Amino acid sequence: MPIARHLSQAVLHTIIIILIAIMLYPLLLTLWGAFKTDLTFMTSKWYPTLPLRVSNFRTAFLGTWRYLLNTVLVAGVGTTLMLAIASLAAFTFARMRFFGRNVLYFSVIALMMIPGVLTLVPGYMLYKTFGLLDTYAVLILPIATGGPIFGVFLLRSFFEGIPKDFFEAAQMDGAHDFKLYYKIALPLCVPIMGTLAIMQIVGVWNDFLWPMITINDYNLLTIAAGLIITFTGQYSTNLPVTFGGYVVASLPLLLLFSFTNRYYIQGLLSTSIKL
């Protein structure tokens, strides 16, 4: 029995190692490919070589810095609006009593069931009618209007789990509803809001379809769409520079997660406990 168990564990570990290798190898190929010359990459693309060509990153940064700034702006403003709307709406649904509250809440949550591709053309027509194409607003407003739906679902469950004694004690001291929100509820949900913020920023960083169809001015594109435009055109035949652009585009997200992973994990744990 022990031999069979050890054998099964060895097979399981082998499978896990193979799957991890399959997942990590493309990332490693991108990383060491970014340090090669074009000629070196053609002759030795599957393994790292020396010397390292660091100038690829300078070329890649010069081709992507504007897209990075655009993405930071869009993600920062859009995520801030998303968190404000989601937290206010969730607090309202969780702590206030009014006619049709549950109907309205489930109507909002039902929007999560609608695939985003179904609203792609109507959304484009709407923003075109208002003359918002080729502006930052067409990139920020969808985040502020569509992003809060999942946040409302997540934060409402958390707010409902906060003991009523906290709010009743504050109300006895004369606190109004908005003060209950920003003095009690908001500080307690910082980890969850951090989790929502990271998820939203990653979504903005990886989104290329919406910017590609709503932005014709390349100077306004975000990073995912900008990479497609830059590295399928000017550097389409220079894969090391293209890989350098991918690495440069990924660094801000890696830094973000490195400094905020504590809040991200706390948010996930507190959410799972409340749910």
# chains A, B, ... in the order shown; residues from 1 in each chain; ligands from 1
>>> residues_around(residues="A:Thr92", least_positions_apart="4", cutoff="12 Å", atoms="only C-alpha atoms", output="ChimeraX atom specification")
/A:85-88,96-98,101-102,104-105,152-153,155-157,159-160,177-178,180-181,185
>>> residues_around(residues="stretch 207-223 of chain A", least_positions_apart="5", cutoff="12 Å", atoms="only C-alpha atoms", output="number ranges by chain")
A: 61, 63-75, 116-117, 119-121, 123-128, 131-143, 200-202, 228-231, 245-253
>>> select_by_dssp(residues="stretch 120-241 of chain A", states="helix (DSSP H, G or I)", output="short mmCIF file (atom, residue, chain, number, x, y, z; two decimals) with N, CA, C and O atoms, in the first residue's frame")
data_model
loop_
_atom_site.label_atom_id
_atom_site.label_comp_id
_atom_site.auth_asym_id
_atom_site.auth_seq_id
_atom_site.Cartn_x
_atom_site.Cartn_y
_atom_site.Cartn_z
N LEU A 120 -21.46 45.40 -27.48
CA LEU A 120 -20.34 46.05 -28.16
C LEU A 120 -20.83 47.04 -29.21
O LEU A 120 -20.45 48.22 -29.20
N VAL A 121 -21.70 46.59 -30.10
CA VAL A 121 -22.20 47.47 -31.16
C VAL A 121 -23.13 48.55 -30.61
O VAL A 121 -22.96 49.73 -30.95
N PRO A 122 -24.12 48.21 -29.74
CA PRO A 122 -24.94 49.28 -29.16
C PRO A 122 -24.11 50.31 -28.38
O PRO A 122 -24.40 51.51 -28.44
N GLY A 123 -23.08 49.83 -27.64
CA GLY A 123 -22.23 50.76 -26.91
C GLY A 123 -21.48 51.69 -27.85
O GLY A 123 -21.38 52.90 -27.61
N TYR A 124 -20.97 51.14 -28.94
CA TYR A 124 -20.27 51.97 -29.93
C TYR A 124 -21.21 53.02 -30.51
O TYR A 124 -20.84 54.20 -30.63
N MET A 125 -22.43 52.61 -30.86
CA MET A 125 -23.40 53.56 -31.42
C MET A 125 -23.75 54.65 -30.42
O MET A 125 -23.91 55.83 -30.79
N LEU A 126 -23.86 54.27 -29.14
CA LEU A 126 -24.21 55.26 -28.11
C LEU A 126 -23.12 56.30 -27.96
O LEU A 126 -23.41 57.52 -27.97
N TYR A 127 -21.88 55.86 -27.85
CA TYR A 127 -20.79 56.82 -27.66
C TYR A 127 -20.54 57.64 -28.93
O TYR A 127 -20.12 58.79 -28.85
N LYS A 128 -20.82 57.06 -30.08
CA LYS A 128 -20.70 57.82 -31.33
C LYS A 128 -21.75 58.92 -31.39
O LYS A 128 -21.48 60.05 -31.83
N THR A 129 -22.97 58.61 -30.93
CA THR A 129 -24.05 59.60 -30.92
C THR A 129 -23.69 60.79 -30.04
O THR A 129 -23.99 61.95 -30.38
N ALA A 137 -12.81 59.76 -22.66
CA ALA A 137 -14.10 59.46 -22.04
C ALA A 137 -14.68 58.14 -22.52
O ALA A 137 -15.30 57.40 -21.75
N VAL A 138 -14.45 57.80 -23.80
CA VAL A 138 -15.01 56.55 -24.34
C VAL A 138 -14.31 55.34 -23.74
O VAL A 138 -14.85 54.22 -23.77
N LEU A 139 -13.13 55.53 -23.17
CA LEU A 139 -12.42 54.44 -22.51
C LEU A 139 -12.73 54.39 -21.01
O LEU A 139 -12.74 53.31 -20.41
N ILE A 140 -13.00 55.55 -20.41
CA ILE A 140 -13.21 55.61 -18.96
C ILE A 140 -14.66 55.31 -18.58
O ILE A 140 -14.91 54.58 -17.61
N LEU A 141 -15.62 55.84 -19.33
CA LEU A 141 -17.03 55.69 -18.96
C LEU A 141 -17.49 54.23 -18.92
O LEU A 141 -18.25 53.86 -18.01
N PRO A 142 -17.09 53.36 -19.85
CA PRO A 142 -17.50 51.95 -19.72
C PRO A 142 -17.00 51.28 -18.44
O PRO A 142 -17.67 50.40 -17.90
N ILE A 143 -15.84 51.72 -17.95
CA ILE A 143 -15.34 51.17 -16.69
C ILE A 143 -16.20 51.65 -15.53
O ILE A 143 -16.55 50.88 -14.63
N ALA A 144 -16.57 52.92 -15.55
CA ALA A 144 -17.35 53.50 -14.46
C ALA A 144 -18.79 53.00 -14.46
O ALA A 144 -19.44 52.96 -13.40
N THR A 145 -19.31 52.61 -15.62
CA THR A 145 -20.71 52.17 -15.69
C THR A 145 -20.87 50.66 -15.66
O THR A 145 -21.83 50.15 -15.08
N GLY A 146 -19.94 49.94 -16.27
CA GLY A 146 -20.06 48.48 -16.31
C GLY A 146 -19.28 47.77 -15.22
O GLY A 146 -19.66 46.70 -14.75
N PRO A 148 -18.86 48.52 -11.94
CA PRO A 148 -19.42 48.40 -10.59
C PRO A 148 -20.36 47.22 -10.38
O PRO A 148 -20.70 46.91 -9.23
N ILE A 149 -20.82 46.55 -11.43
CA ILE A 149 -21.84 45.50 -11.26
C ILE A 149 -21.31 44.38 -10.38
O ILE A 149 -21.95 44.00 -9.39
N PHE A 150 -20.15 43.86 -10.70
CA PHE A 150 -19.57 42.81 -9.86
C PHE A 150 -19.19 43.34 -8.49
O PHE A 150 -19.32 42.65 -7.48
N GLY A 151 -18.73 44.60 -8.44
CA GLY A 151 -18.39 45.20 -7.16
C GLY A 151 -19.59 45.34 -6.23
O GLY A 151 -19.48 45.14 -5.02
N VAL A 152 -20.74 45.67 -6.80
CA VAL A 152 -21.97 45.76 -5.99
C VAL A 152 -22.30 44.40 -5.39
O VAL A 152 -22.64 44.29 -4.21
N PHE A 153 -22.20 43.36 -6.20
CA PHE A 153 -22.48 42.01 -5.71
C PHE A 153 -21.54 41.62 -4.58
O PHE A 153 -21.95 41.08 -3.55
N LEU A 154 -20.26 41.92 -4.74
CA LEU A 154 -19.26 41.52 -3.76
C LEU A 154 -19.38 42.34 -2.48
O LEU A 154 -19.38 41.79 -1.37
N LEU A 155 -19.50 43.66 -2.62
CA LEU A 155 -19.49 44.53 -1.45
C LEU A 155 -20.79 44.47 -0.66
O LEU A 155 -20.78 44.65 0.56
N ARG A 156 -21.89 44.21 -1.34
CA ARG A 156 -23.15 44.11 -0.60
C ARG A 156 -23.11 42.97 0.40
O ARG A 156 -23.54 43.10 1.55
N SER A 157 -22.57 41.83 -0.02
CA SER A 157 -22.45 40.69 0.90
C SER A 157 -21.55 41.04 2.08
O SER A 157 -21.82 40.64 3.21
N PHE A 158 -20.49 41.80 1.81
CA PHE A 158 -19.59 42.17 2.89
C PHE A 158 -20.27 43.15 3.85
O PHE A 158 -20.17 42.99 5.08
N PHE A 159 -20.94 44.16 3.33
CA PHE A 159 -21.60 45.14 4.18
C PHE A 159 -22.69 44.50 5.05
O PHE A 159 -22.91 44.91 6.18
N GLU A 160 -23.38 43.52 4.48
CA GLU A 160 -24.42 42.85 5.26
C GLU A 160 -23.83 42.03 6.40
O GLU A 160 -24.51 41.74 7.38
N GLY A 161 -22.55 41.63 6.28
CA GLY A 161 -21.91 40.85 7.32
C GLY A 161 -21.34 41.68 8.45
O GLY A 161 -20.91 41.13 9.47
N LYS A 164 -24.54 44.91 13.11
CA LYS A 164 -25.42 46.09 13.15
C LYS A 164 -25.09 47.01 14.31
O LYS A 164 -25.42 48.20 14.28
N ASP A 165 -24.45 46.47 15.35
CA ASP A 165 -24.13 47.29 16.52
C ASP A 165 -23.24 48.47 16.15
O ASP A 165 -23.35 49.55 16.74
N PHE A 166 -22.35 48.27 15.18
CA PHE A 166 -21.47 49.37 14.77
C PHE A 166 -22.29 50.55 14.26
O PHE A 166 -22.05 51.70 14.64
N PHE A 167 -23.25 50.26 13.40
CA PHE A 167 -24.06 51.32 12.80
C PHE A 167 -25.03 51.92 13.81
O PHE A 167 -25.26 53.13 13.82
N GLU A 168 -25.63 51.08 14.65
CA GLU A 168 -26.60 51.58 15.63
C GLU A 168 -25.92 52.50 16.65
O GLU A 168 -26.48 53.52 17.05
N ALA A 169 -24.70 52.14 17.07
CA ALA A 169 -23.98 53.00 18.00
C ALA A 169 -23.67 54.35 17.37
O ALA A 169 -23.79 55.40 18.03
N ALA A 170 -23.27 54.34 16.09
CA ALA A 170 -22.98 55.61 15.40
C ALA A 170 -24.24 56.43 15.21
O ALA A 170 -24.22 57.67 15.32
N GLN A 171 -25.36 55.79 14.91
CA GLN A 171 -26.62 56.51 14.73
C GLN A 171 -27.07 57.15 16.04
O GLN A 171 -27.65 58.24 16.04
N MET A 172 -26.82 56.48 17.17
CA MET A 172 -27.17 57.05 18.47
C MET A 172 -26.35 58.31 18.76
O MET A 172 -26.80 59.21 19.47
N ASP A 177 -26.59 58.77 7.30
CA ASP A 177 -26.30 57.59 6.48
C ASP A 177 -24.96 57.69 5.76
O ASP A 177 -24.20 56.72 5.70
N PHE A 178 -24.67 58.86 5.21
CA PHE A 178 -23.42 58.98 4.46
C PHE A 178 -22.21 58.88 5.39
O PHE A 178 -21.18 58.35 5.01
N LYS A 179 -22.36 59.37 6.63
CA LYS A 179 -21.27 59.25 7.59
C LYS A 179 -21.06 57.80 7.99
O LYS A 179 -19.92 57.36 8.20
N LEU A 180 -22.15 57.03 8.08
CA LEU A 180 -22.01 55.60 8.35
C LEU A 180 -21.22 54.92 7.24
O LEU A 180 -20.44 54.00 7.48
N TYR A 181 -21.43 55.42 6.02
CA TYR A 181 -20.75 54.83 4.86
C TYR A 181 -19.25 55.09 4.91
O TYR A 181 -18.44 54.15 4.84
N TYR A 182 -18.86 56.37 5.03
CA TYR A 182 -17.43 56.66 4.89
C TYR A 182 -16.65 56.57 6.20
O TYR A 182 -15.42 56.54 6.18
N LYS A 183 -17.34 56.49 7.33
CA LYS A 183 -16.64 56.37 8.60
C LYS A 183 -16.54 54.93 9.09
O LYS A 183 -15.59 54.56 9.80
N ILE A 184 -17.53 54.11 8.75
CA ILE A 184 -17.56 52.73 9.25
C ILE A 184 -17.38 51.72 8.13
O ILE A 184 -16.47 50.89 8.14
N ALA A 185 -18.29 51.77 7.14
CA ALA A 185 -18.29 50.74 6.10
C ALA A 185 -17.06 50.82 5.21
O ALA A 185 -16.42 49.80 4.91
N LEU A 186 -16.71 52.02 4.78
CA LEU A 186 -15.61 52.16 3.81
C LEU A 186 -14.26 51.70 4.37
O LEU A 186 -13.54 50.95 3.69
N PRO A 187 -13.87 52.12 5.58
CA PRO A 187 -12.57 51.63 6.09
C PRO A 187 -12.51 50.12 6.25
O PRO A 187 -11.43 49.52 6.09
N LEU A 188 -13.64 49.48 6.56
CA LEU A 188 -13.63 48.03 6.77
C LEU A 188 -13.49 47.25 5.47
O LEU A 188 -13.06 46.09 5.48
N VAL A 190 -11.62 48.09 2.79
CA VAL A 190 -10.43 48.46 2.01
C VAL A 190 -9.78 47.25 1.32
O VAL A 190 -9.44 47.32 0.14
N PRO A 191 -9.60 46.11 2.01
CA PRO A 191 -8.98 44.96 1.31
C PRO A 191 -9.79 44.48 0.12
O PRO A 191 -9.22 44.18 -0.94
N ILE A 192 -11.12 44.43 0.26
CA ILE A 192 -11.95 43.98 -0.86
C ILE A 192 -11.89 44.99 -2.00
O ILE A 192 -11.81 44.62 -3.18
N MET A 193 -11.92 46.28 -1.67
CA MET A 193 -11.83 47.29 -2.71
C MET A 193 -10.47 47.24 -3.40
O MET A 193 -10.36 47.50 -4.59
N GLY A 194 -9.43 46.90 -2.63
CA GLY A 194 -8.12 46.71 -3.26
C GLY A 194 -8.13 45.56 -4.24
O GLY A 194 -7.54 45.64 -5.32
N THR A 195 -8.81 44.47 -3.87
CA THR A 195 -8.94 43.33 -4.78
C THR A 195 -9.69 43.72 -6.04
O THR A 195 -9.28 43.38 -7.16
N LEU A 196 -10.80 44.42 -5.87
CA LEU A 196 -11.57 44.88 -7.03
C LEU A 196 -10.75 45.81 -7.91
O LEU A 196 -10.81 45.74 -9.15
N ALA A 197 -9.96 46.69 -7.28
CA ALA A 197 -9.14 47.62 -8.05
C ALA A 197 -8.11 46.88 -8.89
O ALA A 197 -7.92 47.19 -10.07
N ILE A 198 -7.44 45.90 -8.29
CA ILE A 198 -6.43 45.14 -9.04
C ILE A 198 -7.07 44.39 -10.19
O ILE A 198 -6.54 44.37 -11.32
N MET A 199 -8.22 43.76 -9.94
CA MET A 199 -8.91 43.03 -11.01
C MET A 199 -9.31 43.97 -12.14
O MET A 199 -9.18 43.63 -13.33
N GLN A 200 -9.78 45.16 -11.79
CA GLN A 200 -10.20 46.12 -12.82
C GLN A 200 -9.02 46.65 -13.61
O GLN A 200 -9.08 46.77 -14.84
N ILE A 201 -7.92 46.96 -12.92
CA ILE A 201 -6.74 47.48 -13.60
C ILE A 201 -6.18 46.43 -14.57
O ILE A 201 -5.79 46.75 -15.69
N VAL A 202 -6.14 45.18 -14.13
CA VAL A 202 -5.67 44.11 -15.02
C VAL A 202 -6.58 44.00 -16.24
O VAL A 202 -6.11 43.81 -17.37
N GLY A 203 -7.90 44.14 -16.03
CA GLY A 203 -8.83 44.10 -17.15
C GLY A 203 -8.59 45.22 -18.14
O GLY A 203 -8.60 45.00 -19.37
N VAL A 204 -8.34 46.43 -17.64
CA VAL A 204 -8.05 47.57 -18.52
C VAL A 204 -6.73 47.35 -19.25
O VAL A 204 -6.60 47.64 -20.44
N TRP A 205 -5.74 46.81 -18.53
CA TRP A 205 -4.42 46.59 -19.13
C TRP A 205 -4.49 45.58 -20.28
O TRP A 205 -3.77 45.71 -21.26
N ASN A 206 -5.36 44.60 -20.16
CA ASN A 206 -5.43 43.54 -21.18
C ASN A 206 -6.47 43.80 -22.26
O ASN A 206 -6.54 43.04 -23.24
N LEU A 209 -9.87 45.17 -27.53
CA LEU A 209 -10.95 45.23 -28.50
C LEU A 209 -11.67 46.56 -28.49
O LEU A 209 -11.83 47.20 -29.54
N TRP A 210 -12.08 47.00 -27.29
CA TRP A 210 -12.83 48.26 -27.21
C TRP A 210 -11.98 49.46 -27.65
O TRP A 210 -12.47 50.29 -28.45
N PRO A 211 -10.74 49.62 -27.21
CA PRO A 211 -9.93 50.74 -27.73
C PRO A 211 -9.71 50.66 -29.24
O PRO A 211 -9.68 51.70 -29.91
N MET A 212 -9.57 49.46 -29.78
CA MET A 212 -9.31 49.34 -31.21
C MET A 212 -10.48 49.81 -32.06
O MET A 212 -10.28 50.32 -33.17
N ILE A 213 -11.72 49.65 -31.57
CA ILE A 213 -12.87 50.03 -32.39
C ILE A 213 -13.38 51.44 -32.08
O ILE A 213 -14.16 51.99 -32.86
N THR A 214 -12.94 52.03 -30.97
CA THR A 214 -13.45 53.36 -30.61
C THR A 214 -12.41 54.46 -30.74
O THR A 214 -12.76 55.63 -30.70
N TYR A 218 -4.01 57.11 -32.63
CA TYR A 218 -3.11 56.17 -31.98
C TYR A 218 -2.49 56.73 -30.70
O TYR A 218 -2.05 55.97 -29.84
N ASN A 219 -2.44 58.05 -30.56
CA ASN A 219 -1.87 58.65 -29.35
C ASN A 219 -2.76 58.46 -28.13
O ASN A 219 -2.33 58.75 -27.01
N LEU A 220 -4.00 57.99 -28.33
CA LEU A 220 -4.92 57.79 -27.21
C LEU A 220 -5.09 56.32 -26.85
O LEU A 220 -5.83 56.00 -25.91
N ILE A 223 -2.39 50.25 -23.65
CA ILE A 223 -1.19 49.47 -23.93
C ILE A 223 -1.45 48.23 -24.77
O ILE A 223 -0.67 47.91 -25.67
N ALA A 224 -2.54 47.50 -24.51
CA ALA A 224 -2.78 46.26 -25.26
C ALA A 224 -3.01 46.57 -26.74
O ALA A 224 -2.43 45.90 -27.61
N ALA A 225 -3.83 47.57 -27.02
CA ALA A 225 -4.07 47.96 -28.42
C ALA A 225 -2.83 48.59 -29.02
O ALA A 225 -2.51 48.38 -30.19
N GLY A 226 -2.09 49.37 -28.23
CA GLY A 226 -0.88 50.00 -28.72
C GLY A 226 0.19 49.00 -29.11
O GLY A 226 0.91 49.18 -30.09
N LEU A 227 0.30 47.91 -28.33
CA LEU A 227 1.27 46.87 -28.68
C LEU A 227 0.93 46.25 -30.03
O LEU A 227 1.83 45.96 -30.83
N ILE A 228 -0.36 46.03 -30.26
CA ILE A 228 -0.76 45.44 -31.55
C ILE A 228 -0.41 46.37 -32.70
O ILE A 228 0.15 45.95 -33.73
N ILE A 229 -0.70 47.66 -32.53
CA ILE A 229 -0.43 48.62 -33.59
C ILE A 229 1.08 48.75 -33.84
O ILE A 229 1.55 48.72 -34.98
N THR A 230 1.85 48.89 -32.76
CA THR A 230 3.28 49.15 -32.90
C THR A 230 4.05 47.93 -33.39
O THR A 230 4.86 48.01 -34.32
N PHE A 231 3.79 46.78 -32.75
CA PHE A 231 4.65 45.62 -33.00
C PHE A 231 4.12 44.68 -34.08
O PHE A 231 4.74 43.65 -34.35
N LEU A 239 11.40 40.34 -33.71
CA LEU A 239 10.73 39.72 -32.58
C LEU A 239 11.39 40.04 -31.23
O LEU A 239 10.68 40.17 -30.23
N PRO A 240 12.72 40.16 -31.11
CA PRO A 240 13.29 40.53 -29.81
C PRO A 240 12.77 41.87 -29.29
O PRO A 240 12.48 42.00 -28.10
N VAL A 241 12.62 42.86 -30.15
CA VAL A 241 12.06 44.14 -29.72
C VAL A 241 10.59 43.98 -29.35
O VAL A 241 10.10 44.57 -28.39
#
>>> atom_distance(atom1="atom CA of A:Ala89", atom2="atom CA of A:Pro163")
18.9 Å
>>> atom_distance(atom1="atom CA of A:Thr40", atom2="atom CA of A:Ile20")
27.0 Å
>>> atom_distance(atom1="atom CA of A:Thr30", atom2="atom CA of A:Lys45")
9.5 Å
